[in-house]
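So the structure is just underneath, and the comments pick up after that.
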Amino acid sequence: MKHYSIFLPSYTIGENPYEEIGAICRPYGTTAVVIGGHKAMAAAKDALEAACSQGGIRILEYLWYGGECSYENVEVLRAQPAPGQAHMVFAVGGGKATDTAKALADTLGKPVFTFPTIASNCSACTSVSIMYHPDGSFLRPYFFGKPPVHAFIHLGIIARSPQQYLWAGMGDTYAKYFESTVSSRGEELPHYIRLGVVVSSMCLEPVLAYGEKALADNRAGRISGELEQVVLAVVVSTGIASILLTRDRIIDYNTGLGHAVFYALTSFPHIEKGHLHGEVVSYGILILLLVDGQEEMFRKLYRFSQSVKLPVCLADLEITAGELDQVAERILEMKDIDHNPYPITREMLTAAFRTLENRGGQER
């Protein structure tokens, strides 16, 4: 059997994890370039500069990532002097900013460290960047051999970030559990994929247990144990599961019907403009549970979605019941449902959507 390697992320989390920058980053050099979003870099700058000064690291420049994670923006950044001169790349911000910086660092052969300022996804801990065309349409994933060297998860900054990112991030996080467990059902799995499926339970349990309180704390700008548990689920647990599930550079175990619903719904322009990825995926997971016959879990997740105001009907996504046939047709075209333990049919989808719509109507 040919050998293989697995590289998992390391991280520091707390009220001010930047205090560890010197000890963790200094072995890789003494200079860094910061790549990120404008608001994210502003939110992190004071703490970042204080920690770098204390740790003997000089920041050469702060560079905006370009607004989209595209190869074109990576090339714009490569053309700047600072990325080539710096020993390290510091990726600051949300998913697209950190993905852009990760891709840049990979092309330059430089170590990258991540500093997430919101908890909406697992980009800070994954060995992939999701690349887009300059117009924002999806292009393809860009896989790396290793995740970032280290992630610094600053709960003080995340607690003060807009709560809608954590809100949507929770939906995308527990999708990992449902999609991986369904897509791998009944199969003999390699150790790393099986491990990824097992880890995915940590993408669900803390969100259901602590999600409502974590959102309230985020809204109040307050650090708490509940907030920490949910941030870890979104950023770390999902990142580890994703690395293990996509080790073979395939999406079979890392996606499913929940994401197929999301991608189908993005054909409506207002979805991309007015709704967040994880928000729509959370609705797709309700459809997955109905199609899969997981009635008890459906009821539990439906109650959770109601409690935190995630969507539970088409009206929450500004879509009418009359557009159901169009939605179902698009879902069936998605590659995300190719690897499923049974074929998904139009009849299954239509029945699930109608059940969900009827439930919402009865409870209004």
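Following the order of the structure tokens, chains are lettered A, B, ..., residues in each are numbered from 1, and ligands are numbered from 1.
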For Tyr174 (chain A), list every protein, DNA or RNA residue within 10 Å, evaluated using only C-alpha atoms, and leave out those in the same chain fewer than 2 positions away; present the list as a list of chain:residue names.
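With the cut-off at 10 Å, the set is A:Gly169, A:Met170, A:Gly171, A:Asp172, A:Lys176, A:Tyr177, A:Phe178, A:Glu179, A:Ser200, A:Ser201, A:Met202, A:Cys203, A:Leu204, A:Glu205, A:Pro206, A:Val207, A:Leu208, A:Ala233, A:Val234, A:Thr238, A:Gly278, A:Val281, A:Ser282, A:Ile285, A:Leu301.
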Region 30-34 of chain A: which residues within 10 Å, counting only C-alpha atoms, same-chain residues fewer than 5 positions away excluded, as a ChimeraX atom specification?
/A:22,25,41,45,48,52,55-65,81-92,101,111-115
Residues within 10 Å of Pro17 (chain A), only C-alpha atoms, excluding chain neighbours under 4 positions, as JSON, numbers by chain:
{"A": [11, 12, 13, 21, 47, 48, 51, 115, 151, 152, 153, 154, 155, 156]}
Could the residues in this selection be written to a file with N, CA and C atoms, as a PDB file, in the first residue's frame?
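Full text of again.pdb as output:
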```pdb
ATOM      1  N   TYR A  11      -3.969  25.513  16.589  1.00  0.00           N
ATOM      2  CA  TYR A  11      -4.626  26.791  16.839  1.00  0.00           C
ATOM      3  C   TYR A  11      -4.442  27.231  18.285  1.00  0.00           C
ATOM      4  N   THR A  12      -4.609  28.526  18.496  1.00  0.00           N
ATOM      5  CA  THR A  12      -4.680  29.108  19.826  1.00  0.00           C
ATOM      6  C   THR A  12      -5.976  29.895  19.891  1.00  0.00           C
ATOM      7  N   ILE A  13      -6.746  29.700  20.950  1.00  0.00           N
ATOM      8  CA  ILE A  13      -8.013  30.399  21.089  1.00  0.00           C
ATOM      9  C   ILE A  13      -8.112  31.007  22.478  1.00  0.00           C
ATOM     10  N   ILE A  21       1.884  34.994  19.427  1.00  0.00           N
ATOM     11  CA  ILE A  21       2.428  35.151  18.074  1.00  0.00           C
ATOM     12  C   ILE A  21       3.936  35.012  18.049  1.00  0.00           C
ATOM     13  N   ALA A  47      -4.187  45.013  18.369  1.00  0.00           N
ATOM     14  CA  ALA A  47      -3.737  43.823  19.089  1.00  0.00           C
ATOM     15  C   ALA A  47      -2.634  43.103  18.332  1.00  0.00           C
ATOM     16  N   LEU A  48      -2.742  43.090  17.004  1.00  0.00           N
ATOM     17  CA  LEU A  48      -1.754  42.404  16.177  1.00  0.00           C
ATOM     18  C   LEU A  48      -0.400  43.107  16.249  1.00  0.00           C
ATOM     19  N   ALA A  51       1.273  42.657  19.699  1.00  0.00           N
ATOM     20  CA  ALA A  51       1.816  41.312  19.880  1.00  0.00           C
ATOM     21  C   ALA A  51       3.051  41.081  19.014  1.00  0.00           C
ATOM     22  N   PHE A 115      -5.833  34.566  11.056  1.00  0.00           N
ATOM     23  CA  PHE A 115      -6.382  35.360  12.151  1.00  0.00           C
ATOM     24  C   PHE A 115      -7.857  35.655  11.839  1.00  0.00           C
ATOM     25  N   ALA A 151      -3.570  28.852  13.517  1.00  0.00           N
ATOM     26  CA  ALA A 151      -4.679  29.810  13.525  1.00  0.00           C
ATOM     27  C   ALA A 151      -4.749  30.471  14.899  1.00  0.00           C
ATOM     28  N   PHE A 152      -4.903  31.789  14.909  1.00  0.00           N
ATOM     29  CA  PHE A 152      -5.041  32.549  16.147  1.00  0.00           C
ATOM     30  C   PHE A 152      -6.496  33.045  16.219  1.00  0.00           C
ATOM     31  N   ILE A 153      -7.283  32.420  17.082  1.00  0.00           N
ATOM     32  CA  ILE A 153      -8.724  32.678  17.133  1.00  0.00           C
ATOM     33  C   ILE A 153      -9.013  33.598  18.310  1.00  0.00           C
ATOM     34  N   HIS A 154      -9.183  34.873  18.026  1.00  0.00           N
ATOM     35  CA  HIS A 154      -9.319  35.929  19.035  1.00  0.00           C
ATOM     36  C   HIS A 154     -10.795  36.090  19.387  1.00  0.00           C
ATOM     37  N   LEU A 155     -11.197  35.540  20.526  1.00  0.00           N
ATOM     38  CA  LEU A 155     -12.598  35.604  20.926  1.00  0.00           C
ATOM     39  C   LEU A 155     -13.056  37.028  21.202  1.00  0.00           C
ATOM     40  N   GLY A 156     -12.144  37.890  21.639  1.00  0.00           N
ATOM     41  CA  GLY A 156     -12.518  39.284  21.870  1.00  0.00           C
ATOM     42  C   GLY A 156     -12.959  39.973  20.590  1.00  0.00           C
TER      43      GLY A 156
END
```
Distance of CA of Glu19 (chain A) from CA of Lys102 (chain A), expressed in Å to one decimal place
22.3 Å
Just want the 8 Å neighbourhood of region 217-226 of chain A, counted on only C-alpha atoms, with same-chain residues fewer than 6 positions away dropped. Output as a PDB file with C-alpha atoms, in the first residue's frame.
```pdb
ATOM      1  CA  GLU A  15      -9.420  36.384  24.907  1.00  0.00           C
ATOM      2  CA  LEU A 155     -12.598  35.604  20.926  1.00  0.00           C
ATOM      3  CA  GLY A 156     -12.518  39.284  21.870  1.00  0.00           C
ATOM      4  CA  ILE A 158     -15.110  37.668  17.195  1.00  0.00           C
ATOM      5  CA  ALA A 159     -17.429  38.584  20.081  1.00  0.00           C
ATOM      6  CA  ARG A 160     -17.590  42.138  18.725  1.00  0.00           C
ATOM      7  CA  SER A 161     -18.188  41.060  15.110  1.00  0.00           C
ATOM      8  CA  PRO A 162     -21.650  41.218  13.461  1.00  0.00           C
ATOM      9  CA  GLN A 163     -23.652  38.287  14.804  1.00  0.00           C
ATOM     10  CA  TYR A 210     -24.775  26.282  22.989  1.00  0.00           C
ATOM     11  CA  GLY A 211     -25.831  28.020  19.781  1.00  0.00           C
TER      12      GLY A 211
END
```
Among listed residues A:Leu288, A:Ile193, A:Leu245, A:Ala43, nearest Leu257 (chain A) (using only C-alpha atoms):
A:Leu288
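What separates CA of Val280 (chain A) from CA of Pro147 (chain A) is a distance of 26.8 Å.
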Nearby residues (only C-alpha atoms) at most 12 Å from Phe138 (chain A), same-chain spacing under 5 positions excluded, as a PyMOL selection string
chain A and resi 68-71+96+129-133+263+266+272
DSSP says strand (DSSP E) for which residues of region 141-351 of chain A? Put them as a compact mmCIF listing (two decimals) with all heavy atoms, in the first residue's frame?
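Once written, states_2.txt looks like this:
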```txt
# COMPACT_ATOMS: atom_id res chain seq x y z
N PRO A 141 -12.20 24.52 -6.28
CA PRO A 141 -11.37 24.51 -5.08
C PRO A 141 -9.88 24.42 -5.45
O PRO A 141 -9.52 23.82 -6.46
CB PRO A 141 -11.83 23.26 -4.33
CG PRO A 141 -12.38 22.37 -5.39
CD PRO A 141 -12.93 23.26 -6.47
N TYR A 142 -9.05 25.04 -4.64
CA TYR A 142 -7.60 25.01 -4.81
C TYR A 142 -7.06 24.32 -3.56
O TYR A 142 -7.01 24.90 -2.49
CB TYR A 142 -7.10 26.44 -4.95
CG TYR A 142 -5.60 26.66 -5.02
CD1 TYR A 142 -4.69 25.62 -5.05
CD2 TYR A 142 -5.09 27.96 -5.06
CE1 TYR A 142 -3.33 25.85 -5.11
CE2 TYR A 142 -3.73 28.21 -5.12
CZ TYR A 142 -2.86 27.15 -5.15
OH TYR A 142 -1.50 27.39 -5.21
N PHE A 143 -6.66 23.05 -3.69
CA PHE A 143 -6.20 22.26 -2.55
C PHE A 143 -4.70 22.46 -2.33
O PHE A 143 -3.92 22.57 -3.27
CB PHE A 143 -6.48 20.78 -2.78
CG PHE A 143 -7.94 20.42 -2.70
CD1 PHE A 143 -8.68 20.21 -3.86
CD2 PHE A 143 -8.56 20.28 -1.47
CE1 PHE A 143 -10.02 19.87 -3.79
CE2 PHE A 143 -9.90 19.94 -1.40
CZ PHE A 143 -10.64 19.74 -2.56
N HIS A 150 -0.69 27.84 11.66
CA HIS A 150 -1.37 28.03 12.94
C HIS A 150 -2.49 29.05 12.77
O HIS A 150 -2.38 29.98 11.97
CB HIS A 150 -0.37 28.53 14.00
CG HIS A 150 -0.82 28.33 15.41
ND1 HIS A 150 -0.65 27.15 16.09
CD2 HIS A 150 -1.45 29.17 16.28
CE1 HIS A 150 -1.12 27.26 17.32
NE2 HIS A 150 -1.63 28.48 17.46
N ALA A 151 -3.57 28.85 13.52
CA ALA A 151 -4.68 29.81 13.52
C ALA A 151 -4.75 30.47 14.90
O ALA A 151 -4.67 29.79 15.93
CB ALA A 151 -5.99 29.11 13.21
N PHE A 152 -4.90 31.79 14.91
CA PHE A 152 -5.04 32.55 16.15
C PHE A 152 -6.50 33.05 16.22
O PHE A 152 -6.87 33.97 15.49
CB PHE A 152 -4.07 33.72 16.17
CG PHE A 152 -2.62 33.31 16.19
CD1 PHE A 152 -1.93 33.11 15.00
CD2 PHE A 152 -1.95 33.10 17.38
CE1 PHE A 152 -0.59 32.71 15.00
CE2 PHE A 152 -0.61 32.70 17.40
CZ PHE A 152 0.07 32.52 16.20
N ILE A 153 -7.28 32.42 17.08
CA ILE A 153 -8.72 32.68 17.13
C ILE A 153 -9.01 33.60 18.31
O ILE A 153 -9.08 33.16 19.47
CB ILE A 153 -9.51 31.35 17.23
CG1 ILE A 153 -9.07 30.40 16.12
CG2 ILE A 153 -11.01 31.62 17.16
CD1 ILE A 153 -9.57 28.97 16.30
N HIS A 154 -9.18 34.87 18.03
CA HIS A 154 -9.32 35.93 19.03
C HIS A 154 -10.80 36.09 19.39
O HIS A 154 -11.56 36.72 18.65
CB HIS A 154 -8.75 37.23 18.46
CG HIS A 154 -8.46 38.28 19.48
ND1 HIS A 154 -9.40 38.71 20.39
CD2 HIS A 154 -7.33 39.01 19.71
CE1 HIS A 154 -8.87 39.66 21.15
NE2 HIS A 154 -7.62 39.84 20.76
```
Contacts of Glu212 (chain A) at 10 Å (only C-alpha atoms; same-chain gap of 5+ positions) as an NGL selection string:
:A and (167 or 207 or 217 or 226-227 or 230 or 304-305 or 307-309)
Writing out the chosen residues with N, CA and C atoms as a PDB file, in the first residue's frame:
```
ATOM      1  N   TRP A 167     -24.305  33.321  13.156  1.00  0.00           N
ATOM      2  CA  TRP A 167     -25.644  32.768  12.928  1.00  0.00           C
ATOM      3  C   TRP A 167     -25.663  31.880  11.683  1.00  0.00           C
ATOM      4  N   VAL A 207     -23.221  23.101  18.638  1.00  0.00           N
ATOM      5  CA  VAL A 207     -24.112  24.118  18.066  1.00  0.00           C
ATOM      6  C   VAL A 207     -25.512  23.984  18.656  1.00  0.00           C
ATOM      7  N   ASP A 217     -24.599  36.109  23.247  1.00  0.00           N
ATOM      8  CA  ASP A 217     -23.338  36.683  23.720  1.00  0.00           C
ATOM      9  C   ASP A 217     -22.636  37.468  22.621  1.00  0.00           C
ATOM     10  N   GLU A 226     -19.891  29.419  26.119  1.00  0.00           N
ATOM     11  CA  GLU A 226     -20.763  28.976  25.037  1.00  0.00           C
ATOM     12  C   GLU A 226     -20.294  29.513  23.690  1.00  0.00           C
ATOM     13  N   LEU A 227     -19.905  30.786  23.676  1.00  0.00           N
ATOM     14  CA  LEU A 227     -19.386  31.363  22.431  1.00  0.00           C
ATOM     15  C   LEU A 227     -18.136  30.615  21.989  1.00  0.00           C
ATOM     16  N   VAL A 230     -18.994  27.214  20.345  1.00  0.00           N
ATOM     17  CA  VAL A 230     -19.567  27.305  19.000  1.00  0.00           C
ATOM     18  C   VAL A 230     -18.525  27.787  17.997  1.00  0.00           C
ATOM     19  N   PHE A 304     -34.613  24.062  16.757  1.00  0.00           N
ATOM     20  CA  PHE A 304     -33.419  24.903  16.905  1.00  0.00           C
ATOM     21  C   PHE A 304     -33.450  26.045  15.899  1.00  0.00           C
ATOM     22  N   SER A 305     -33.772  25.746  14.653  1.00  0.00           N
ATOM     23  CA  SER A 305     -33.835  26.794  13.632  1.00  0.00           C
ATOM     24  C   SER A 305     -34.840  27.872  14.016  1.00  0.00           C
ATOM     25  N   SER A 307     -35.668  28.690  17.055  1.00  0.00           N
ATOM     26  CA  SER A 307     -35.176  29.415  18.229  1.00  0.00           C
ATOM     27  C   SER A 307     -34.153  30.480  17.871  1.00  0.00           C
ATOM     28  N   VAL A 308     -33.360  30.235  16.795  1.00  0.00           N
ATOM     29  CA  VAL A 308     -32.336  31.213  16.411  1.00  0.00           C
ATOM     30  C   VAL A 308     -32.713  31.962  15.132  1.00  0.00           C
ATOM     31  N   LYS A 309     -33.944  31.686  14.646  1.00  0.00           N
ATOM     32  CA  LYS A 309     -34.477  32.382  13.473  1.00  0.00           C
ATOM     33  C   LYS A 309     -33.730  32.075  12.177  1.00  0.00           C
TER      34      LYS A 309
END
```
